[in-house]
Every structure is written in C-alpha cells, then in structure tokens.
file model.txt (compact mmCIF, C-alpha atoms)
# COMPACT_ATOMS: atom_id res chain seq x y z
CA MET Y 251 0.00 0.00 0.00
CA PRO Y 252 1.65 3.30 -1.04
CA ARG Y 253 2.25 5.93 1.62
CA ALA Y 254 3.90 9.32 1.13
CA THR Y 255 4.95 12.26 3.25
CA LEU Y 256 2.38 14.22 1.23
CA GLU Y 257 -0.16 12.69 3.60
CA ILE Y 258 1.36 14.64 6.47
CA PRO Y 259 0.11 18.20 6.88
CA ASP Y 260 2.56 21.00 7.65
CA SER Y 261 2.66 21.32 11.41
CA SER Y 262 5.09 21.54 14.28
CA ARG Y 263 4.94 17.76 14.76
CA ARG Y 264 5.64 16.93 11.12
CA LEU Y 265 8.98 15.24 11.86
CA GLU Y 266 7.41 12.89 14.41
CA LYS Y 267 4.75 11.95 11.88
CA ILE Y 268 7.37 11.29 9.20
CA LEU Y 269 9.24 9.01 11.62
CA ARG Y 270 6.03 7.15 12.47
CA LEU Y 271 5.27 6.72 8.77
CA ALA Y 272 8.82 5.39 8.15
CA ARG Y 273 8.47 2.93 11.06
CA ASN Y 274 5.14 1.65 9.76
CA CYS Y 275 6.39 0.98 6.22
CA ARG Y 276 8.26 -2.20 5.33
CA TYR Y 277 9.98 -0.61 2.33
CA SER Y 278 10.81 2.93 1.32
CA VAL Y 279 11.58 4.37 -2.10
CA HIS Y 280 13.41 7.70 -2.35
CA ASP Y 281 13.67 9.65 -5.60
CA LEU Y 282 16.56 12.09 -5.36
CA SER Y 283 16.25 13.39 -8.93
CA CYS Y 284 14.26 16.44 -7.79
CA VAL Y 285 16.94 17.70 -5.40
CA GLN Y 286 17.56 20.95 -7.23
CA LEU Y 287 17.28 24.69 -6.70
CA ASP Y 288 13.77 25.96 -6.06
CA PRO Y 289 12.78 28.32 -8.93
CA LYS Y 290 11.10 30.65 -6.42
CA LYS Y 291 13.14 33.05 -4.27
CA PRO Y 292 14.95 32.38 -1.97
CA ARG Y 293 16.60 29.86 -4.34
CA VAL Y 294 17.58 27.06 -2.01
CA PRO Y 295 17.81 23.32 -2.72
CA ARG Y 296 14.99 21.17 -1.34
CA PHE Y 297 16.55 18.78 1.17
CA ASN Y 298 13.42 16.95 2.33
CA MET Y 299 14.01 13.85 0.18
CA PRO Y 300 17.66 13.22 1.19
CA PHE Y 301 16.74 13.98 4.81
CA GLU Y 302 13.91 11.42 4.75
CA LEU Y 303 16.27 8.91 3.11
CA GLY Y 304 18.73 9.53 5.96
CA LEU Y 305 16.02 8.89 8.54
CA CYS Y 306 15.06 5.60 6.86
CA VAL Y 307 18.70 4.47 6.55
CA ALA Y 308 19.26 5.25 10.24
CA TYR Y 309 16.10 3.39 11.26
CA ALA Y 310 17.01 0.35 9.11
CA SER Y 311 20.55 0.24 10.53
CA GLN Y 312 19.16 0.25 14.10
CA ASN Y 313 17.05 -2.83 13.36
CA LYS Y 314 19.80 -5.41 12.78
CA ALA Y 315 17.29 -8.20 12.24
CA GLN Y 316 15.72 -6.36 9.36
CA LYS Y 317 17.26 -6.46 5.88
CA PRO Y 318 17.96 -3.07 4.25
CA ASN Y 319 14.62 -1.98 2.94
CA TRP Y 320 15.26 1.37 1.33
CA PHE Y 321 15.75 2.06 -2.37
CA VAL Y 322 17.11 5.10 -4.14
CA PHE Y 323 16.08 6.41 -7.55
CA GLU Y 324 17.97 8.97 -9.61
CA ALA Y 325 17.49 10.45 -13.06
CA GLU Y 326 21.14 10.26 -14.14
CA ALA Y 327 23.86 7.71 -13.48
CA ASN Y 328 26.75 8.95 -11.31
CA ARG Y 329 24.84 12.09 -10.20
CA ILE Y 330 24.34 10.63 -6.73
CA ASP Y 331 28.10 10.01 -6.39
CA LYS Y 332 28.53 13.78 -6.42
CA SER Y 333 25.37 14.95 -4.66
CA LEU Y 334 25.36 12.31 -1.90
CA SER Y 335 28.78 10.64 -1.88
CA ASP Y 336 28.06 9.03 1.53
CA LEU Y 337 25.90 6.55 -0.39
CA LYS Y 338 28.82 5.29 -2.50
CA GLY Y 339 28.50 1.56 -2.95
CA THR Y 340 24.72 1.81 -3.19
CA ASP Y 341 23.39 1.28 -6.69
CA PRO Y 342 20.59 3.74 -7.33
CA ARG Y 343 17.91 2.84 -9.88
CA ILE Y 344 18.25 5.19 -12.82
CA HIS Y 345 14.90 6.21 -14.28
CA GLY Y 346 16.21 8.77 -16.76
CA GLY Y 347 13.55 11.26 -15.67
CA THR Y 348 10.81 9.18 -17.33
CA VAL Y 349 7.67 7.56 -15.98
CA ARG Y 350 8.47 4.33 -17.81
CA GLY Y 351 11.95 4.30 -16.23
CA ALA Y 352 10.50 4.77 -12.73
CA LEU Y 353 7.88 2.03 -13.23
CA SER Y 354 10.49 -0.32 -14.71
CA GLY Y 355 12.73 0.31 -11.67
CA LEU Y 356 9.85 -0.47 -9.30
CA CYS Y 357 9.09 -3.66 -11.26
CA ASN Y 358 12.70 -4.75 -10.82
CA ILE Y 359 12.59 -4.14 -7.06
CA PHE Y 360 9.22 -5.64 -6.20
CA ARG Y 361 8.23 -9.06 -7.49
CA ARG Y 362 5.14 -11.02 -6.62
CA PRO Y 363 4.31 -14.65 -7.25
CA GLY Y 364 1.15 -14.82 -9.35
CA ARG Y 365 -0.41 -11.51 -10.24
CA GLN Y 366 2.41 -9.27 -11.45
CA PRO Y 367 1.73 -6.18 -13.56
CA SER Y 368 3.97 -5.66 -16.58
CA VAL Y 369 5.49 -2.26 -17.41
CA PRO Y 370 3.07 -1.72 -20.38
CA GLN Y 371 0.15 -2.48 -18.04
CA MET Y 372 1.50 -0.03 -15.47
CA MET Y 373 1.90 2.58 -18.23
CA GLN Y 374 -1.72 1.99 -19.24
CA ILE Y 375 -2.83 2.53 -15.63
CA TYR Y 376 -0.71 5.70 -15.51
CA ARG Y 377 -2.19 7.07 -18.75
CA ASN Y 378 -5.75 6.31 -17.61
CA LEU Y 379 -5.07 8.09 -14.31
CA ARG Y 380 -3.62 11.10 -16.13
CA ARG Y 381 -6.87 11.34 -18.11
CA LYS Y 382 -8.93 11.18 -14.93
CA GLN Y 383 -6.73 13.53 -12.92
CA PRO Y 384 -8.72 16.70 -13.85
CA ALA Y 385 -11.89 15.12 -12.39
CA ILE Y 386 -10.03 14.17 -9.19
CA LEU Y 387 -8.55 17.68 -8.86
CA LYS Y 388 -11.95 19.27 -9.50
CA GLU Y 389 -13.56 17.07 -6.84
CA ALA Y 390 -10.78 18.05 -4.37
CA GLY Y 391 -11.25 21.74 -5.24
CA THR Y 392 -7.59 22.29 -6.05
CA GLU Y 393 -5.23 22.56 -8.99
CA ASP Y 394 -2.29 21.25 -6.97
CA PRO Y 395 -1.83 17.48 -7.32
CA PHE Y 396 0.62 17.39 -4.39
CA THR Y 397 -1.97 17.49 -1.65
CA LYS Y 398 -3.07 14.78 0.76
CA ARG Y 399 -6.59 14.49 -0.61
CA VAL Y 400 -5.46 14.18 -4.25
CA PHE Y 401 -2.72 11.68 -3.32
CA VAL Y 402 -5.08 9.33 -1.47
CA ASP Y 403 -7.73 9.63 -4.22
CA ILE Y 404 -5.15 8.77 -6.88
CA CYS Y 405 -4.02 5.74 -4.82
CA VAL Y 406 -7.60 4.41 -4.66
CA ALA Y 407 -8.25 5.16 -8.35
CA ALA Y 408 -4.95 3.47 -9.30
CA SER Y 409 -5.95 0.38 -7.34
CA ALA Y 410 -9.32 0.29 -9.14
CA GLU Y 411 -7.56 0.74 -12.50
CA ALA Y 412 -5.12 -2.08 -11.63
CA ASP Y 413 -8.07 -4.33 -10.82
CA ARG Y 414 -9.39 -3.65 -14.31
CA VAL Y 415 -6.12 -3.77 -16.28
CA VAL Y 416 -4.11 -6.52 -14.57
CA ALA Y 417 -5.63 -9.95 -14.98
CA ASP Y 418 -5.50 -12.51 -12.16
CA MET W 5 22.35 -2.81 -2.90
CA ASN W 6 20.62 -4.02 -6.05
CA MET W 7 18.18 -6.49 -4.63
CA THR W 8 14.70 -7.69 -5.40
CA ILE W 9 11.92 -8.01 -2.86
CA VAL W 10 9.41 -10.83 -3.26
CA LEU W 11 6.13 -9.54 -1.86
CA ASP W 12 4.04 -11.95 0.16
CA SER W 13 1.00 -9.70 0.50
CA THR W 14 -2.10 -10.01 -1.65
CA PHE W 15 -3.02 -7.49 -4.35
CA ALA W 16 -4.74 -4.59 -2.55
CA LYS W 17 -8.34 -3.86 -3.50
CA PRO W 18 -9.52 -0.22 -3.76
CA GLU W 19 -11.55 -0.72 -0.57
CA ASP W 20 -8.42 -1.86 1.32
CA VAL W 21 -6.43 1.13 0.04
CA GLY W 22 -9.28 3.49 0.99
CA LYS W 23 -9.49 2.00 4.48
CA VAL W 24 -5.75 2.39 5.18
CA LEU W 25 -5.57 5.91 3.73
CA GLY W 26 -8.76 7.05 5.43
CA VAL W 27 -10.90 7.62 2.33
CA PRO W 28 -14.67 7.59 3.00
CA LYS W 29 -16.60 4.69 1.46
CA ALA W 30 -18.70 6.98 -0.73
CA ARG W 31 -15.56 8.49 -2.27
CA VAL W 32 -14.06 5.03 -2.84
CA LYS W 33 -17.25 4.14 -4.70
CA TRP W 34 -17.00 7.32 -6.80
CA LEU W 35 -13.31 6.67 -7.57
CA LYS W 36 -14.11 3.09 -8.63
CA ARG W 37 -16.82 4.42 -10.93
CA LEU W 38 -14.39 7.02 -12.28
CA ALA W 39 -11.76 4.32 -12.94
CA SER W 40 -14.23 2.14 -14.80
CA SER W 41 -15.50 4.96 -17.02
CA GLN W 42 -13.84 4.87 -20.42
CA THR W 43 -14.04 8.51 -21.46
CA ILE W 44 -14.34 11.72 -19.55
CA PHE W 45 -15.45 14.81 -21.39
CA SER W 46 -15.70 17.93 -19.34
CA GLY W 47 -16.62 21.31 -20.74
CA LYS W 48 -13.03 22.48 -20.38
CA ILE W 49 -11.46 19.57 -22.25
CA ALA W 50 -13.84 19.33 -25.18
CA GLU W 51 -17.13 20.60 -26.41
CA LYS W 52 -19.63 19.53 -29.02
CA LYS W 53 -19.50 21.61 -32.17
CA ASN W 54 -21.91 20.89 -35.03
CA GLY W 55 -22.15 17.28 -34.02
CA ALA W 56 -18.39 16.74 -33.85
CA ARG W 57 -16.31 16.58 -30.70
CA THR W 58 -13.23 18.77 -30.91
CA SER W 59 -10.52 18.98 -28.33
CA ALA W 60 -9.50 22.34 -26.88
CA SER W 61 -6.10 22.18 -28.62
CA ALA W 62 -7.67 21.25 -31.99
CA LYS W 63 -10.02 24.21 -31.72
CA LYS W 64 -7.09 26.56 -31.23
CA ARG W 65 -5.26 25.19 -34.26
CA ASN W 66 -8.41 24.87 -36.37
CA HIS W 67 -7.61 21.21 -36.94
CA VAL W 68 -11.26 20.19 -36.89
CA ARG W 69 -12.53 18.10 -39.76
CA GLY W 70 -15.24 18.47 -42.44
CA LYS W 71 -18.48 20.08 -41.45
CA ALA W 72 -17.13 21.48 -38.21
CA LYS W 73 -14.16 23.05 -40.05
CA LYS W 74 -16.46 24.70 -42.59
CA ALA W 75 -18.59 26.08 -39.77
CA ALA W 76 -15.49 27.39 -38.02
CA ARG W 77 -14.54 29.40 -41.11
call {"tool": "encode", "arguments": {"input": "model.txt", "output": "structure tokens"}}
result
Amino acid sequence: MPRATLEIPDSSRRLEKILRLARNCRYSVHDLSCVQLDPKKPRVPRFNMPFELGLCVAYASQNKAQKPNWFVFEAEANRIDKSLSDLKGTDPRIHGGTVRGALSGLCNIFRRPGRQPSVPQMMQIYRNLRRKQPAILKEAGTEDPFTKRVFVDICVAASAEADRVVAD
Amino acid sequence: MNMTIVLDSTFAKPEDVGKVLGVPKARVKWLKRLASSQTIFSGKIAEKKNGARTSASAKKRNHVRGKAKKAAR
C-alpha cells in the first residue's frame, strides 16, 4: 500500500509523523532526482528527500534483524556520487527522468508470485489516471496534485484501474 | 544494494487502500466508478461543435474536420 509524506500536513509535529510513517512501512523508495534549486526566491535546494532517506537508513541500521529496505532512484547515473557521496556503494535505480523508467525500476525491485503487472500495463494505468486527474482535482477543489486528498484519491483510483487492467 | 523483494502480500483492492488511507466509502465508490469509465469529457477539455467533438487544442489550431471546419470558417 503506497504511503507518502504528502499525507502529512505542515505542522510543528511533522517530523514525528514522518518518523512514524517510516516505522510503519516495510519498504521505502526515495527519488533524489528532484533535489535541485527551487525556482522561487529564496533559491535554495529542497533537502526533504535526502533527509527522509537519511532517517530511513538510520532506522534500518538500528534494526539489525531487518534487511535493508530502502531504495534510491535517480534520473542520471553517477549524479548521486557527487550529490550524496556518503551513499557510495549503493546502486541507485536510474529512471532517466521518465515515468516508464520509474515504473520499470519499481518492477525490478518488487516481485510477486502470481499476479504481477507488466510495465506496459503499469503505463496503461498511468495514462488512464492522467486522463482522470482533472476530475479528481476538481472534486478536491484544487489545482495542486501534491496534496493529501489528491494523493489518497489517486491511490484508490490506481488500485481500481489495476483491478481492471491486470488480470488474475 | 541491487536487490529484489518478493512480496508476500495479496493485491490490494480499492476498498483496502481506501481504508488504510482514510478515504470515506462513498468516495471510494465514486473513484471506482471514475476508474471504470472509459471517457471523460468535461466542458473544459472538449465541447460539441456541429455534431463533432473537438478537443481544446484542436479548436485553437483549427484542426477540426469536415463540417465542423467549414462552420469554423
């Protein structure tokens, strides 16, 4: 079941909620390709993603019994060696800044005996959701897709699409 | 760390996802209906013009066909 820090509203206890979310998830996926300068002033890099990755790495290293359960995605090969050299030795999944690349990377990480969606099926689900996104945004009364309500609605709609597209 | 995880959980149903993420049942029902609908035409995306559906971008470029194109001229 997908969870994201988007679910957490901005508040003074945001960090605690992020930690709780990380503890409750068996696996975490971190895309560091968007760590870049904010176009709006003041132009500072957004460090939330690497910070959340650090929290998950620290939590996983505390639990010796648990296998490492965090995965890193990047758009370009070798970029992470410069931006986050502490992670040297970790092979990030390179998605090339494309949806297909990200879905292919996820397919390579997570396997399931039996019902397993293929990348073309996942792309079909993605395209269908893109078509239905305006209706979801309208219902949520926003134009910003990065809100809690839109995220959870998209998760439910994606699950319904997967039910339709991926055969048992 | 280039490993593969074999998931042991079952494929989540929309109702399960809604329950975990705190989506009300009525909205789950609406989202399921939305997912099963094949085409969505809202006034903003497309409108009917002389019997032909033309997308917003086609209207701008005057790429409509036949009768609708003649009417547009």
call {"tool": "interface_residues", "arguments": {"input": "model.txt", "of": "chain Y", "to": "chain W", "cutoff": "7 Å", "atoms": "only C-alpha atoms", "output": "PyMOL selection string"}}
result
chain Y and resi 251+340-341+358-362+402+406-407+409-411
call {"tool": "closest_residue", "arguments": {"input": "model.txt", "among": "Y:Arg276, Y:Gln286, Y:Asp336, Y:Ile330", "to": "Gly304 in chain Y", "atoms": "all atoms listed in the file"}}
result
Y:Asp336
call {"tool": "atom_distance", "arguments": {"input": "model.txt", "atom1": "CA of Pro342 in chain Y", "atom2": "CA of Tyr277 in chain Y"}}
result
15.0 Å
call {"tool": "atom_distance", "arguments": {"input": "model.txt", "atom1": "CA of Ala327 in chain Y", "atom2": "CA of Ser311 in chain Y"}}
result
25.4 Å
call {"tool": "residues_around", "arguments": {"input": "model.txt", "residues": "Ile258 in chain Y", "least_positions_apart": "6", "cutoff": "10 Å", "atoms": "only C-alpha atoms", "output": "mmCIF file with C-alpha atoms, in the frame of the given file"}}
result
data_model
loop_
_atom_site.group_PDB
_atom_site.id
_atom_site.type_symbol
_atom_site.label_atom_id
_atom_site.label_comp_id
_atom_site.auth_asym_id
_atom_site.auth_seq_id
_atom_site.Cartn_x
_atom_site.Cartn_y
_atom_site.Cartn_z
ATOM 1 C CA ARG Y 264 5.640 16.930 11.120
ATOM 2 C CA LEU Y 265 8.980 15.240 11.860
ATOM 3 C CA LYS Y 267 4.750 11.950 11.880
ATOM 4 C CA ILE Y 268 7.370 11.290 9.200
ATOM 5 C CA LEU Y 271 5.270 6.720 8.770
ATOM 6 C CA THR Y 397 -1.970 17.490 -1.650
ATOM 7 C CA LYS Y 398 -3.070 14.780 0.760
#
call {"tool": "atom_distance", "arguments": {"input": "model.txt", "atom1": "CA of Ala412 in chain Y", "atom2": "CA of Pro367 in chain Y"}}
result
8.2 Å
